[in-house]
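What follows is a short report on a single structure.
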Amino acid sequence: MMIKCKINGQNRCFDVNPLMKLRDMLLLNGNFAVRDSDDGEGFCGSDTVLVDNLPVYANLMLAGEVDGCAIRTPDALGSSKKLTVVQQAMIDAGIVQSAYNSPAAALLLTWLLKKTPDPSREEIRDVLSGIYVRDAGYEHYYLAVKLAVEKKRFGEYKTEISPSFRSDLDYIGKPVAKIDGPQLVAGEKAFVEDYVEKNACFMSVLRSPHASAYINSIDTSEAEKVEGVVAVFTAFNTPETYYMQAGQGNPEPSPYDRRLFNMKVRHVGDRVAAVVAENPEAAEKAKELIKVDYEVLPAVFTVEEAMADGAPVVHNGTVEYRSGAPENLDEYNKTAGDLREGKVIYQFPLRADVKKNIAASNKGSIGNVEKAFRKADAIVERTYQTSQIQHAPLEPHVCYAKTEGGRLTVYASTQVPYHVRRIVSWVTGLSENKIHVIKTRVGGGYGSKQDILIEDLTAYAAFATGRPVYCRNTREEEFIANSTRHPMRVHVKMAGKKNGKITAIHMEVCANTGPYGNHCLTVPMNSCSKTLPLFKCKNMSYDLKVYYTNTPPAGAYQGYGTPKGNFGLMMAMAELADKLGVDYRKMALKNHVDTGYMLEILKGLGEGRDGNVVPVGSCGLDEAIRKGCDMIGWEDTAKKKKKRRKKGTPEPEWKIGKGFAMVMQGSGLPGLDHSEAIAKLETDGSVILHSGGADIGTGLDTISAKIAAEELKLPLDKISVVSGDTDSCAFDTGAYASSGTFFSGNATWDAVKKLRVMILQEASVQMNESIKHLSVVAPGAVKSHKTGRVISFAELSHTACSGSGRGQMIAHGNFVTEASSVPYGAHFAQVAVNTRTGEIKVQKFYALQDAGTPINPELALCQMYGAVMKSIGHTLYEDMKLDASGRCINANMTDYGVPMIDEAPEDFRSILIDVNDEHGPFGAKSISEIACNGAAPAIGIAIHNACGIWLSDWPMTPEKVLRALGKIK
Amino acid sequence: MNVKLEFTLNGKNVTVSTDPLRRLIDVLREDFGCTGVKEGCSEGECGACSILLNGKMVTSCLIPVGAADGQDIVTIEGLSETEKGKLIIQAFADGGAVQCGFCIPGMVVAAYSILCENPDPTEDEIRLGISGNICRCTGYDLIVDSIRLAAERGGSIWKK
């Protein structure tokens with residue numbers, strides 16, 4: 001049928017099935033910025049377009065419905081060369097981060113401002129109610145609108161975008177538009193899907209319907225007959241290489257416990273087979289024709305089930321060690337099952353016992369915990385339970401791989417390009433020089449893209465078939481076959497004295513790593529190593545065990561294990577304060593660490609090796625607590641409790657309470673992480689920076705550019721950043737563990753410092769002057785303080801690259817360290833709890849953090865808002881629910897429950913505490929992971945403060961409130 | 001913008017000239033008089049408009065009629081003429097499954113779908129099978145029992 005319509009002012013005619021989705025028709029027209037985040041569920045808003053000037057989801061309309069209509073798509077607003085006021089305001093406000101649906105939001109805000117030139121907060125919220133944001137939170141969307149309104153009315157911004165830091169510097173610490181912002185907000189080519197060529201094949205994965213089963217055989221003969229099918233891969237025709245999918249430094253503290261396809265499936269959604277076909281329809285049809293002979297086995301879904309006597313063993317294969325094998329290993333392996341069980345290969349011992357489903361364990365202590373418990377005035381002992389949570393990035397996992405000239409090129413949406421290359425090298429057998437990983441822009445990672453969950457198979461398929469192969473997870477696959485936050489049971493025993501001094505802490509952590517051991521040791525370890533060092537307590541111990549189960553897999557998630565450990569510790573401290581009759585604020589101030597305090601507890605908490613005992617460095621914790629308490633109007637909890645008891649008046653239905661939590665994290669992994677950068681002076685004096693670091697929307701490339709601009713006194717637009725490209729950049733472990741600014745930033749700093757020296761040396765030759773009289777001056781020149789002569793970088797470089805020159809100036813930077821730069825902070829919540837319905841409203845949330853010198857302060861603030869929103873989601877709404885067979889029953893956006901703009905606190909503030917760090921680049925520390933650690937305990941403590949109940953498990957639902965209040969059973 | 005569509009409705013070949021974007025439920029009710037197909041929620045949640053499309057249960061409020069071109073459709077009207085349909089309806093009547101009755105056509109389609117796939121379903125399997133159908137009156141227990149009754153009475157006919 002012919003469909004006639006106007007797209008962005010142009011008359012268009014399509015001869016298509018009227019039942020085709022509008023989005024698919026727009027893709028035919030080249031409007032690829034109309035993206036899809038939810039398989040057409042109508043939730044995320046990435047597919048927003050205007051039809052006859054009304055916003056709609058293009059995936060929920062059919063082509064036939066727009067016959068005769070006028071359509072506007074986000075890519076027609078303004079190009080990166082000529083941005084509109086709204087687009088520019090969005091970049092300036094710091095909300096264009098991973099940006100997968102930023103173009104859609106820009107379209108909506110433009111539409112709003114045309115209709116309502118100065119919209120109210122409610123009108124903005126209403127328009128954005130169908131836009132899901134996971135990275136930057138929602139708060140600065142209000143700011144972006146305000147900036148756009150001001151710019152239109154006054155020709156300039158009147159409102160301050162963010163505070164500025166380091167007045168001695170030009171770029172660092174100032175809000176400067178993110179360098180990749182224009183490309184992203186304008187909806188230009190940016191993400192993996194934009195690089196897929198017309199001849200690409202599609203790969204679709206057949207997944208297990210069983211939580212645990214042997215695959216005895218697979219018959220793919222009928223599937224292979226389907227027209228368009230190129231190949232079908234299974235455990236029976238792919239390599240037996242063992243590896244793991246965690247993107248960690250090699251040798252990894254995670255066991256190699258899987259192949260591309262296993263002969264035992266270990267969770268509902270596990271890989272069974274993959275079909276590569278010339279079109280998606282053929283791939284789906286072929287999948288249905290694959291016949292699998294399963295031998296269904298009993299499964300375990302919780303740590304309690306996994307640790308029970310006689311529990312089914314998730315990995316009952318042979319155990320091997322690449323180093324440090326125990327002497328009785330042969331004996332241990334005698335009870336291993338047959339070959340279908342596969343192997344578990346440890347790079348070094350992680351105190352595992354796979355026959356008991358223990359993938360890793362660790363314990364340690366300082367002081368004399370038992371003695372301190374005996375002498376305590378009060379003890380609190382409680383168990384906290386966290387749920388299984390998915391990262392839910394707007395862009396799902398996606399990969400495009402092809403072979404060219406005997407080399408394999410992999411376009412990846414990843415946090416770890418070099419780990420992707422290494423693992424692809426293992427599964428294909430190609431050496432690393434034959435593999436080119438290109439990290440495109442990344443539409444949200446949050447840890448899920450630290451793991452190589454799709455690149456291994458896609459690259460293998462392209463390698464094995466010789467065809468270009470594209471693979472993209474469905475949203476359901478994002479939940480069931482991806483990675484998630486490890487569900488944890490955190491048992492805390494804490495003792496104190498009447499004066500509020502905490503004298504002993506014992507933590508027992510049982511974590512559920514699911515069917516494979518990605519990050520199995522280190523995530524639970526972080527729940528202790530990034531929480532216990534908050535306390536000046538002489539007696540502390542921890543005991544952690546990690547269990548294999550048959551749930552969907554767990555892995556890295558922003559905050560790593562810390563949000564869970566911190567939830568337990570802070571809640572226990574609040575309960576202890578309550579028991580001792582001490583104000584919680586006083587207790588926090590009395591027990592937190594300060595600069596110079598020696599952190600003995602870290603000794604046993606390295607990542608599979610001895611930890612470094614270091615003193616606390618720069619620390620804004622005390623200021624964060626005091627300032628936050630002033631902002632929120634903290635009331636002495638001991639006095640409030642007494643006051644509540646005295647009152648005999650009828651209780652109001654909504655009760656208000658306040659709470660806060662101390663938070664800390666790290667800045668990368670000292671002694672393990674490694675970053676490099678190459679700085680090249682081009683012939684006209686501009687600079688190209690090749691950074692190994694992976695900008696996943698956080699603004700790392702902008703940080704690299706700012707560091708170079710600052711050090712070389714060069715304007716920002718004379719610096720371009722190429723990053724995350726394994727061919728042209730030097731090695732970097734990747735963007736995880738809050739390492740971006742600190743590690744990759746420091747590597748860049750090292751490179752540009754060396755380039756500055758090279759420039760001065762070259763100038764010394766060309767100017768025939770001693771280097772000691774020369775210095776770099778703005779804008780990109782060398783000046784002699786002796787003669788006053790100035791020579792530009794352009795002239796220097798041109799001569800150096802001429803027929804008689806000494807060669808291009810190229811510097812290589814490298815950064816490793818044993819020093820630890822820890823960000824600190826305190827997060828405050830005010831909640832209202834309805835004691836009749838159990839409803840919880842977060843009325844106020846203040847996140848105060850010390851990020852050292854925040855290099856991009858506006859992006860830093862937005863990352864804090866985004867991380868807090870994620871944590872509010874984890875605390876109150878999000879929970880992957882499994883049925884008795886291990887199938888996730890809410891594996892879609894609508895049922896899962898991520899917070900939207902309506903769930904954001906009405907009074908929401910992020911505050912940066914000004915502290916300079918001695919190790920970070922220009923004094924910077926990390927920013928975003930730490931912001932995931934405070935919401936759960938702050939809200940939990942506030943709920944207690946409001947209505948006297950202690951909720952100890954996520955998510956804190958109205959039902960749990962009413963149960964704790966004794967109103968329902 | 002009408003197009004001519006042909007499909008099988010309750011065993012008969014039918015044609016209709018209509019806008020292919022009209023909802024299948026509307027065409028079935030308005031053009032073919034199949035008013036046993038009920039509209040409850042209009043968003044695929046309640047299951048009252050359930051029909052069989054090529055033997056699979058679907059909610060007809062979510063399907064544009066263009067998608068029915070060349071397909072095989074069975075509504076409660078057709079189903080109630082069959083031996084299996086009659087058996088289910090009798091079991092529902094005898095089992096006390098019917099109160100206001102609005103959901104029942106959809107429930108019968110669901111029951112048919114369950115029993116054709118699984119002649120001897122457990123209570124849990126029945127509950128899973130009707131999880132897309134809302135009944136506000138009965139609390140489901142007697143519906144579940146009635147489906148079980150239909151399974152027992154039908155015996156081997158479900159295996160055909």
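Identifiers in the structure tokens: chain A, B, ... in order shown; residue index from 1 per chain; ligand index from 1 in order shown.
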Please identify all polymer residues within 12 Å of A:Lys225, counting only C-alpha atoms, omitting same-chain residues fewer than 2 positions from it, and present them as an mmCIF file with C-alpha atoms, in the first residue's frame.
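Below is the file part-v2.cif, written as the result:
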data_model
loop_
_atom_site.group_PDB
_atom_site.id
_atom_site.type_symbol
_atom_site.label_atom_id
_atom_site.label_comp_id
_atom_site.auth_asym_id
_atom_site.auth_seq_id
_atom_site.Cartn_x
_atom_site.Cartn_y
_atom_site.Cartn_z
ATOM 1 C CA ASP A 219 19.551 -31.636 15.945
ATOM 2 C CA THR A 220 20.041 -28.556 13.768
ATOM 3 C CA SER A 221 19.395 -30.227 10.397
ATOM 4 C CA GLU A 222 15.926 -28.718 9.873
ATOM 5 C CA ALA A 223 17.089 -25.280 11.032
ATOM 6 C CA GLU A 227 16.481 -20.274 3.383
ATOM 7 C CA GLY A 228 18.912 -17.583 4.428
ATOM 8 C CA VAL A 229 20.474 -19.510 7.315
ATOM 9 C CA VAL A 230 24.251 -19.279 7.198
ATOM 10 C CA ALA A 231 25.291 -21.273 10.244
ATOM 11 C CA VAL A 232 24.010 -22.775 13.459
ATOM 12 C CA VAL A 275 21.644 -19.034 14.387
ATOM 13 C CA ALA A 277 21.080 -15.856 9.027
ATOM 14 C CA ALA A 282 15.055 -16.639 8.948
ATOM 15 C CA ALA A 283 17.061 -16.664 12.192
ATOM 16 C CA LYS A 285 12.294 -19.424 12.125
ATOM 17 C CA ALA A 286 15.413 -21.585 12.263
ATOM 18 C CA LYS A 287 15.563 -21.268 16.044
ATOM 19 C CA LEU A 289 13.295 -25.829 14.260
ATOM 20 C CA ILE A 290 16.268 -26.696 16.464
#
Within 9 Å of stretch 418-422 of chain A, which residues of stretch 627-733 of chain A come that close, and what is the closest atom pair and distance in Å for each? Count only C-alpha atoms and give it as a Markdown table.
| residue | atom | partner | partner_atom | distance |
| --- | --- | --- | --- | --- |
| A:Gly692 | CA | A:Tyr418 | CA | 8.4 |
| A:Gly724 | CA | A:Tyr418 | CA | 8.1 |
| A:Asp725 | CA | A:Tyr418 | CA | 8.6 |
| A:Thr726 | CA | A:Tyr418 | CA | 6.5 |
| A:Phe731 | CA | A:Tyr418 | CA | 6.8 |
| A:Asp732 | CA | A:Tyr418 | CA | 6.8 |
| A:Thr733 | CA | A:Tyr418 | CA | 6.6 |
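Within 10 Å of A:Tyr138, once only C-alpha atoms are used and residues closer than 5 positions along the same chain are dropped, the contacting residues are Ile95, Arg125, Leu128, Ile131, Tyr132, Val133, Leu143, Cys862, Tyr865, Gly866, Met869, Met900, Ile901, Asp902, Glu903, Ala904, Pro905 and Phe908 of chain A.
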Would you list the contacts of A:Ser164 as a VMD selection string, taking every protein, DNA or RNA residue within 8 Å and counting only C-alpha atoms, but skipping same-chain residues closer than 3 positions in sequence? chain A and resid 167 173 to 175 857
Which chain A residues have any atom within 9 Å of an atom of chain B, and for each, what is the nearest pair of atoms with distance in Å to one decimal, counting only C-alpha atoms, rows sorted by chain and number, as JSON lines?
{"residue": "A:Pro18", "atom": "CA", "partner": "B:Pro20", "partner_atom": "CA", "distance": 7.5}
{"residue": "A:Leu19", "atom": "CA", "partner": "B:Gly66", "partner_atom": "CA", "distance": 7.2}
{"residue": "A:Leu62", "atom": "CA", "partner": "B:Leu21", "partner_atom": "CA", "distance": 8.2}
{"residue": "A:Gly64", "atom": "CA", "partner": "B:Leu21", "partner_atom": "CA", "distance": 6.9}
{"residue": "A:Glu65", "atom": "CA", "partner": "B:Leu21", "partner_atom": "CA", "distance": 7.5}
Selection above as a file: N, CA and C atoms, as a PDB file, in the first residue's frame:
ATOM      1  N   PRO A  18       0.896  -1.583   5.335  1.00  0.00           N
ATOM      2  CA  PRO A  18       0.416  -0.579   6.292  1.00  0.00           C
ATOM      3  C   PRO A  18       0.565  -1.035   7.747  1.00  0.00           C
ATOM      4  N   LEU A  19       0.821  -2.332   7.936  1.00  0.00           N
ATOM      5  CA  LEU A  19       0.980  -2.837   9.302  1.00  0.00           C
ATOM      6  C   LEU A  19       2.418  -2.742   9.790  1.00  0.00           C
ATOM      7  N   LEU A  62       1.461   2.352  13.510  1.00  0.00           N
ATOM      8  CA  LEU A  62       1.668   1.606  12.282  1.00  0.00           C
ATOM      9  C   LEU A  62       1.797   2.586  11.121  1.00  0.00           C
ATOM     10  N   GLY A  64       0.423   2.627   8.304  1.00  0.00           N
ATOM     11  CA  GLY A  64      -0.869   3.005   7.724  1.00  0.00           C
ATOM     12  C   GLY A  64      -1.543   4.138   8.463  1.00  0.00           C
ATOM     13  N   GLU A  65      -1.204   4.315   9.732  1.00  0.00           N
ATOM     14  CA  GLU A  65      -1.851   5.359  10.531  1.00  0.00           C
ATOM     15  C   GLU A  65      -1.321   6.759  10.221  1.00  0.00           C
TER      16      GLU A  65
END
Which residues of stretch 489-572 of chain A come within 8 Å of stretch 365-372 of chain A, and what is each one's closest atom pair and distance in Å (one decimal), counting only C-alpha atoms, sorted by chain and residue number, as a tab-separated table?
residue	atom	partner	partner_atom	distance
A:Ala495	CA	A:Ala372	CA	7.5
A:Thr503	CA	A:Ala372	CA	6.1
A:Ala504	CA	A:Val369	CA	5.6
A:Ile505	CA	A:Val369	CA	7.2
A:His506	CA	A:Val369	CA	7.4
A:Lys538	CA	A:Gly367	CA	5.6
A:Asn539	CA	A:Gly367	CA	4.3
A:Met540	CA	A:Ile366	CA	5.4
A:Ser541	CA	A:Ser365	CA	3.9
A:Tyr542	CA	A:Ser365	CA	6.3
Please extract the residues of stretch 458-632 of chain A with a backbone DSSP assignment of helix (DSSP H, G or I) and present them as a ChimeraX atom specification. /A:458-465,475-480,522-529,532-534,562-580,584-591,600-604,621-632
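With only C-alpha atoms as the atoms that count, the residue of B:Asp26, B:Ile51, B:Ile114, B:Ile157 with the shortest distance to B:Ser131 is B:Ile114.
Comparing the minimum interatomic distances between A:Met570 and each of A:Ile939, A:Val354, A:Ala412, A:Ile480, counting only C-alpha atoms, we find that A:Ile939 sits nearest.
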Near B:Trp158, within 12 Å and counting only C-alpha atoms, which residues show up once chain neighbours fewer than 5 positions away are dropped, as a ChimeraX atom specification? /B:83-85,87-88,111-121,150-153
Excluding same-chain residues fewer than 5 positions from B:Thr15, what lies within 7 Å of it counting only C-alpha atoms, as a ChimeraX atom specification? /B:4-7
Grab the residues selected above and save them as a PDB file, in the first residue's frame with N, CA and C atoms.
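The result, written out as again_4.pdb:
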ATOM      1  N   LYS B   4      -9.236  -5.329   0.231  1.00  0.00           N
ATOM      2  CA  LYS B   4     -10.052  -6.535   0.302  1.00  0.00           C
ATOM      3  C   LYS B   4      -9.277  -7.612   1.046  1.00  0.00           C
ATOM      4  N   LEU B   5      -9.894  -8.149   2.078  1.00  0.00           N
ATOM      5  CA  LEU B   5      -9.221  -9.166   2.885  1.00  0.00           C
ATOM      6  C   LEU B   5     -10.023 -10.456   2.828  1.00  0.00           C
ATOM      7  N   GLU B   6      -9.305 -11.564   2.799  1.00  0.00           N
ATOM      8  CA  GLU B   6      -9.963 -12.876   2.805  1.00  0.00           C
ATOM      9  C   GLU B   6      -9.410 -13.695   3.949  1.00  0.00           C
ATOM     10  N   PHE B   7     -10.273 -14.317   4.707  1.00  0.00           N
ATOM     11  CA  PHE B   7      -9.787 -15.238   5.736  1.00  0.00           C
ATOM     12  C   PHE B   7     -10.859 -16.266   6.060  1.00  0.00           C
TER      13      PHE B   7
END
Would you give me, as a tab-separated table, each residue of stretch 278-372 of chain A having an atom within 12 Å of an atom of stretch 609-626 of chain A, along with its shortest atom pair and that distance in Å to one decimal, using only C-alpha atoms and sorting by chain and residue number?
residue	atom	partner	partner_atom	distance
A:Phe348	CA	A:Arg609	CA	9.6
A:Pro349	CA	A:Arg609	CA	10.0
A:Leu350	CA	A:Arg609	CA	9.7
A:Asn362	CA	A:Arg609	CA	11.1
A:Gly364	CA	A:Asp610	CA	11.4
Keeping only N, CA and C atoms, write the selected residues as a PDB file, in the first residue's frame.
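Okay, this is what ended up in again-v1.pdb:
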ATOM      1  N   PHE A 348      44.162 -18.507  40.118  1.00  0.00           N
ATOM      2  CA  PHE A 348      44.871 -18.675  41.394  1.00  0.00           C
ATOM      3  C   PHE A 348      43.775 -18.976  42.417  1.00  0.00           C
ATOM      4  N   PRO A 349      44.141 -19.511  43.581  1.00  0.00           N
ATOM      5  CA  PRO A 349      43.095 -19.964  44.515  1.00  0.00           C
ATOM      6  C   PRO A 349      42.230 -18.799  45.012  1.00  0.00           C
ATOM      7  N   LEU A 350      40.906 -19.033  45.036  1.00  0.00           N
ATOM      8  CA  LEU A 350      39.964 -18.050  45.582  1.00  0.00           C
ATOM      9  C   LEU A 350      39.211 -18.661  46.765  1.00  0.00           C
ATOM     10  N   ASN A 362      36.333 -15.628  51.449  1.00  0.00           N
ATOM     11  CA  ASN A 362      37.446 -14.903  52.064  1.00  0.00           C
ATOM     12  C   ASN A 362      37.037 -14.538  53.476  1.00  0.00           C
ATOM     13  N   GLY A 364      38.731 -12.388  57.229  1.00  0.00           N
ATOM     14  CA  GLY A 364      39.855 -11.732  57.865  1.00  0.00           C
ATOM     15  C   GLY A 364      39.380 -10.887  59.026  1.00  0.00           C
TER      16      GLY A 364
END
Residues flagged strand (DSSP E or B) by DSSP in stretch 8-155 of chain B, as an MDAnalysis selection string: chainID B and resid 8:9 12:18 23 50:53 56:59 64 72:74
